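J.: Would you mind keeping the following structure in view while I ask a few things?
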Amino acid sequence: MFYIHILTHPGRIENKGTHEYKILTDQQEQAYLDEGLAVREHDYKLQCGEASIEVRCPEIAEMGSTDGAKYLILPEFLLPGRPYPIYVYVYAIETYCTNPGMSQREAATRTRERFGLETFSHTTLGRAMKKLERQIEEYESAPPIEGTRNEAASEASREFPSVGQTKDRKAAVASYLMKAAADDNSLEQETAEAHKNPNYKRPPYTGAFIDACHAIARQVFLSCRRLLL
């Protein structure tokens with residue numbers, strides 16, 4: 001049995017006129033081969049608004065090894081197993097957490113509109129929120145966020161979190177993201193204002209908010225040795 005070590009790569013999604021995004025150049029791949037290492041590519045599909053791209057991520061391992069460590073190099077914008085780039089999830093979470101009284105359904109609708117997506121549901125947002133809450137409890141040595149531990153009991157009894165509990169949960173997650181972004185206020189600005197530019201309905205993805213998302217992905221990986229979601 002082996003462990004996969006994730007190494008983040010800081011590239012951006014650009015508009016290159018191609019649907020393929022390759023992490024390593026041919027020269028970089030050859031350099032690994034020259035060192036006697038094996039390179040195998042994993043393909044991930046991402047929906048970037050009106051466009052879709054295929055991200056080709058290299059797995060690096062010792063040649064012929066069956067039980068040694070393997071290194072999977074991922075770009076910071078990719079969350080394996082999730083169909084959208086990290087920007088979509090951060091935008092949805094930040095929109096929900098920094099707008100008092102907003103429901104997850106409304107935040108999901110705003111996210112679909114902002115990124116030109118056909119589908120992005122409030123249940124997807126809810127699952128992302130719960131995962132971040134568990135991460136905060138585990139890595140920030142914070143007490144359990146009220147309203148998350150008795151989730152199963154609440155479901156069974158059809159009880160819902162109080163307004164106060166929801167407010168506290170939002171505040172904890174928003175604070176965590178802001179800290180990871182080194183207090184970059186472009187997070188709040190992006191979700192509080194009805195921006196028309198830059199256009200997130202297709203690549204390229206650029207601007208202060210995109211940079212803040214990369215900062216979050218990088219900081220979480222460095223401090224927790226894991227991906228954001």
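Each chain of the structure tokens is named A, B, ... in the order shown, its residues numbered from 1; ligands are numbered from 1 in display order.
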What lies within 12 Å of Ala69 of chain A using only C-alpha atoms, ignoring chain neighbours under 2 positions off, as a PyMOL selection string?
T.: chain A and resi 1-6+37-38+59-67+71-72
J.: Could you give me, as a ChimeraX atom specification, the residues within 10 Å of Arg82 of chain A, counting only C-alpha atoms and dropping anything in the same chain fewer than 4 positions from it?
T.: /A:44-47,78,86,89,229
J.: Save out the residues we just selected, C-alpha atoms, as an mmCIF file, in the first residue's frame.
T.:
```
data_model
loop_
_atom_site.group_PDB
_atom_site.id
_atom_site.type_symbol
_atom_site.label_atom_id
_atom_site.label_comp_id
_atom_site.auth_asym_id
_atom_site.auth_seq_id
_atom_site.Cartn_x
_atom_site.Cartn_y
_atom_site.Cartn_z
ATOM 1 C CA TYR A 44 -9.912 15.363 -14.887
ATOM 2 C CA LYS A 45 -12.798 17.165 -16.568
ATOM 3 C CA LEU A 46 -13.799 20.623 -15.325
ATOM 4 C CA GLN A 47 -16.851 22.642 -16.270
ATOM 5 C CA LEU A 78 -8.567 21.617 -9.185
ATOM 6 C CA ILE A 86 -12.189 25.881 -6.786
ATOM 7 C CA TYR A 89 -17.018 26.650 -4.430
ATOM 8 C CA LEU A 229 -12.544 20.375 -0.085
#
```
J.: Among segment 44-223 of chain A, which residues carry a DSSP assignment of alpha helix (DSSP H), reported as a PyMOL selection string?
T.: chain A and resi 86-98+104-115+122-139+151-157+163-180+186-192+208-223
J.: Got a sec: who's within 12 Å of Ile73 of chain A, counting only C-alpha atoms, leaving out chain neighbours fewer than 4 positions off, as a compact mmCIF listing (two decimals) with C-alpha atoms, in the first residue's frame?
T.:
```txt
# COMPACT_ATOMS: atom_id res chain seq x y z
CA ILE A 4 -0.33 9.69 -2.67
CA HIS A 5 1.30 13.01 -1.84
CA ILE A 6 -0.48 15.98 -3.39
CA LEU A 7 1.71 18.81 -4.62
CA THR A 8 -0.15 21.95 -5.61
CA HIS A 9 0.77 23.78 -8.81
CA PRO A 10 -0.05 27.52 -9.04
CA GLY A 11 -1.15 27.72 -12.70
CA LYS A 22 -1.44 20.02 -19.28
CA ILE A 23 0.37 20.52 -15.98
CA LEU A 24 3.83 19.48 -17.17
CA GLU A 29 8.13 15.37 -18.22
CA VAL A 39 5.21 9.49 -15.35
CA ARG A 40 1.54 8.58 -15.70
CA GLU A 41 -1.20 11.10 -16.46
CA HIS A 42 -4.63 11.31 -14.84
CA ASP A 43 -7.34 13.20 -16.69
CA VAL A 55 -6.82 18.79 -16.97
CA ARG A 56 -3.99 16.28 -17.34
CA CYS A 57 -2.24 15.78 -14.00
CA PRO A 58 0.98 13.76 -13.78
CA GLU A 59 1.60 11.02 -11.26
CA ILE A 60 5.31 10.63 -10.51
CA ALA A 61 6.69 7.37 -9.13
CA PHE A 77 -7.75 25.34 -8.99
CA LEU A 78 -8.57 21.62 -9.19
CA LEU A 79 -10.44 19.54 -6.60
CA PRO A 80 -10.31 15.89 -7.76
```
J.: At a cut-off of 8 Å, using only C-alpha atoms, what residues contact Ala182 of chain A? Leave out same-chain residues fewer than 3 positions from it and give the result as a PyMOL selection string.
T.: chain A and resi 178-179+215
J.: Write out as a PyMOL selection string each polymer residue whose atoms come within 12 Å of Gln104 of chain A, counting only C-alpha atoms; drop sequence neighbours fewer than 6 positions from it.
T.: chain A and resi 92-98+110-111+120-129+166+170
J.: I'd like the contact shell of Gln189 of chain A - 12 Å cut-off, only C-alpha atoms, skipping same-chain residues fewer than 4 positions apart - returned as a list of chain:residue names.
T.: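 Counting only C-alpha atoms, the residues come to A:Tyr91, A:Glu94, A:Thr95, A:Thr98, A:Asn99, A:Met178, A:Asp183, A:Asp184, A:Asn185, A:Glu193, A:Ala194, A:His195, A:Ala208, A:Phe209, A:Ala212.
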J.: Could the residues in this selection be saved with N, CA and C atoms as a PDB file, in the first residue's frame?
T.:
```pdb
ATOM      1  N   TYR A  91     -16.645  30.981  -4.088  1.00  0.00           N
ATOM      2  CA  TYR A  91     -17.630  32.041  -4.329  1.00  0.00           C
ATOM      3  C   TYR A  91     -18.958  31.698  -3.664  1.00  0.00           C
ATOM      4  N   GLU A  94     -18.561  31.811   0.221  1.00  0.00           N
ATOM      5  CA  GLU A  94     -18.366  33.184   0.692  1.00  0.00           C
ATOM      6  C   GLU A  94     -19.654  33.995   0.528  1.00  0.00           C
ATOM      7  N   THR A  95     -20.362  33.797  -0.568  1.00  0.00           N
ATOM      8  CA  THR A  95     -21.626  34.499  -0.789  1.00  0.00           C
ATOM      9  C   THR A  95     -22.634  34.152   0.298  1.00  0.00           C
ATOM     10  N   THR A  98     -21.325  35.527   3.977  1.00  0.00           N
ATOM     11  CA  THR A  98     -21.170  36.962   4.237  1.00  0.00           C
ATOM     12  C   THR A  98     -22.423  37.770   3.938  1.00  0.00           C
ATOM     13  N   ASN A  99     -23.501  37.112   3.606  1.00  0.00           N
ATOM     14  CA  ASN A  99     -24.764  37.800   3.371  1.00  0.00           C
ATOM     15  C   ASN A  99     -25.791  37.340   4.405  1.00  0.00           C
ATOM     16  N   MET A 178     -11.113  33.858   5.215  1.00  0.00           N
ATOM     17  CA  MET A 178     -10.422  35.148   5.225  1.00  0.00           C
ATOM     18  C   MET A 178      -9.003  35.000   5.780  1.00  0.00           C
ATOM     19  N   ASP A 183      -6.326  37.782   4.884  1.00  0.00           N
ATOM     20  CA  ASP A 183      -7.186  38.958   5.053  1.00  0.00           C
ATOM     21  C   ASP A 183      -7.357  39.765   3.762  1.00  0.00           C
ATOM     22  N   ASP A 184      -7.396  39.072   2.660  1.00  0.00           N
ATOM     23  CA  ASP A 184      -7.629  39.725   1.361  1.00  0.00           C
ATOM     24  C   ASP A 184      -9.112  40.087   1.251  1.00  0.00           C
ATOM     25  N   ASN A 185      -9.435  41.378   1.276  1.00  0.00           N
ATOM     26  CA  ASN A 185     -10.836  41.787   1.283  1.00  0.00           C
ATOM     27  C   ASN A 185     -11.515  41.652  -0.071  1.00  0.00           C
ATOM     28  N   GLU A 193     -20.815  42.673  -3.943  1.00  0.00           N
ATOM     29  CA  GLU A 193     -21.179  43.576  -5.030  1.00  0.00           C
ATOM     30  C   GLU A 193     -21.552  42.790  -6.279  1.00  0.00           C
ATOM     31  N   ALA A 194     -22.417  43.380  -7.072  1.00  0.00           N
ATOM     32  CA  ALA A 194     -22.859  42.731  -8.317  1.00  0.00           C
ATOM     33  C   ALA A 194     -21.877  43.077  -9.439  1.00  0.00           C
ATOM     34  N   HIS A 195     -20.732  42.417  -9.430  1.00  0.00           N
ATOM     35  CA  HIS A 195     -19.706  42.715 -10.418  1.00  0.00           C
ATOM     36  C   HIS A 195     -20.140  42.245 -11.804  1.00  0.00           C
ATOM     37  N   ALA A 208      -8.406  39.821  -8.754  1.00  0.00           N
ATOM     38  CA  ALA A 208      -8.087  39.747  -7.329  1.00  0.00           C
ATOM     39  C   ALA A 208      -8.788  38.570  -6.646  1.00  0.00           C
ATOM     40  N   PHE A 209     -10.050  38.334  -6.989  1.00  0.00           N
ATOM     41  CA  PHE A 209     -10.775  37.231  -6.352  1.00  0.00           C
ATOM     42  C   PHE A 209     -10.148  35.890  -6.706  1.00  0.00           C
ATOM     43  N   ALA A 212      -7.106  35.411  -4.719  1.00  0.00           N
ATOM     44  CA  ALA A 212      -7.436  35.078  -3.328  1.00  0.00           C
ATOM     45  C   ALA A 212      -7.791  33.605  -3.193  1.00  0.00           C
TER      46      ALA A 212
END
```
J.: Calculated over only C-alpha atoms, which of the candidates A:Arg226, A:Lys131, A:Lys70, A:His19 has the smallest distance to Ala51 of chain A?
T.: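 Ranking A:Arg226, A:Lys131, A:Lys70, A:His19 by distance to Ala51 of chain A, first place goes to A:His19.
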J.: Which one of A:Pro100, A:Pro204, A:Pro75, A:Gly17 sits closest to Ala174 of chain A if you count only C-alpha atoms?
T.: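 Using only C-alpha atoms, the shortest distance to Ala174 of chain A belongs to A:Pro100.
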J.: Smallest atom-to-atom distance to Gln135 of chain A: which of A:Thr109, A:Ser103, A:Ser52, A:Ser223, using only C-alpha atoms?
T.: A:Ser223
J.: Quick one: residues within 10 Å of Gln219 of chain A, only C-alpha atoms counted, chain neighbours fewer than 2 positions away excluded, as a ChimeraX atom specification?
T.: /A:177,179-182,213-217,221-228
J.: For the residues in the current selection, export C-alpha atoms as a short mmCIF file (atom, residue, chain, number, x, y, z; two decimals), in the first residue's frame.
T.:
```
data_model
loop_
_atom_site.label_atom_id
_atom_site.label_comp_id
_atom_site.auth_asym_id
_atom_site.auth_seq_id
_atom_site.Cartn_x
_atom_site.Cartn_y
_atom_site.Cartn_z
CA LEU A 177 -11.45 31.57 4.50
CA LYS A 179 -7.53 33.96 7.41
CA ALA A 180 -6.37 31.54 4.70
CA ALA A 181 -6.50 34.38 2.17
CA ALA A 182 -4.30 36.54 4.43
CA CYS A 213 -8.84 31.63 -4.14
CA HIS A 214 -5.35 30.44 -5.06
CA ALA A 215 -3.99 31.89 -1.82
CA ILE A 216 -6.63 29.94 0.13
CA ALA A 217 -5.84 26.68 -1.66
CA PHE A 221 -2.41 22.79 1.71
CA LEU A 222 0.69 24.12 3.45
CA SER A 223 -0.87 24.25 6.92
CA CYS A 224 -3.08 21.14 6.79
CA ARG A 225 -1.39 19.04 4.07
CA ARG A 226 -4.74 18.59 2.38
CA LEU A 227 -6.96 20.17 -0.25
CA LEU A 228 -9.61 22.71 0.63
#
```
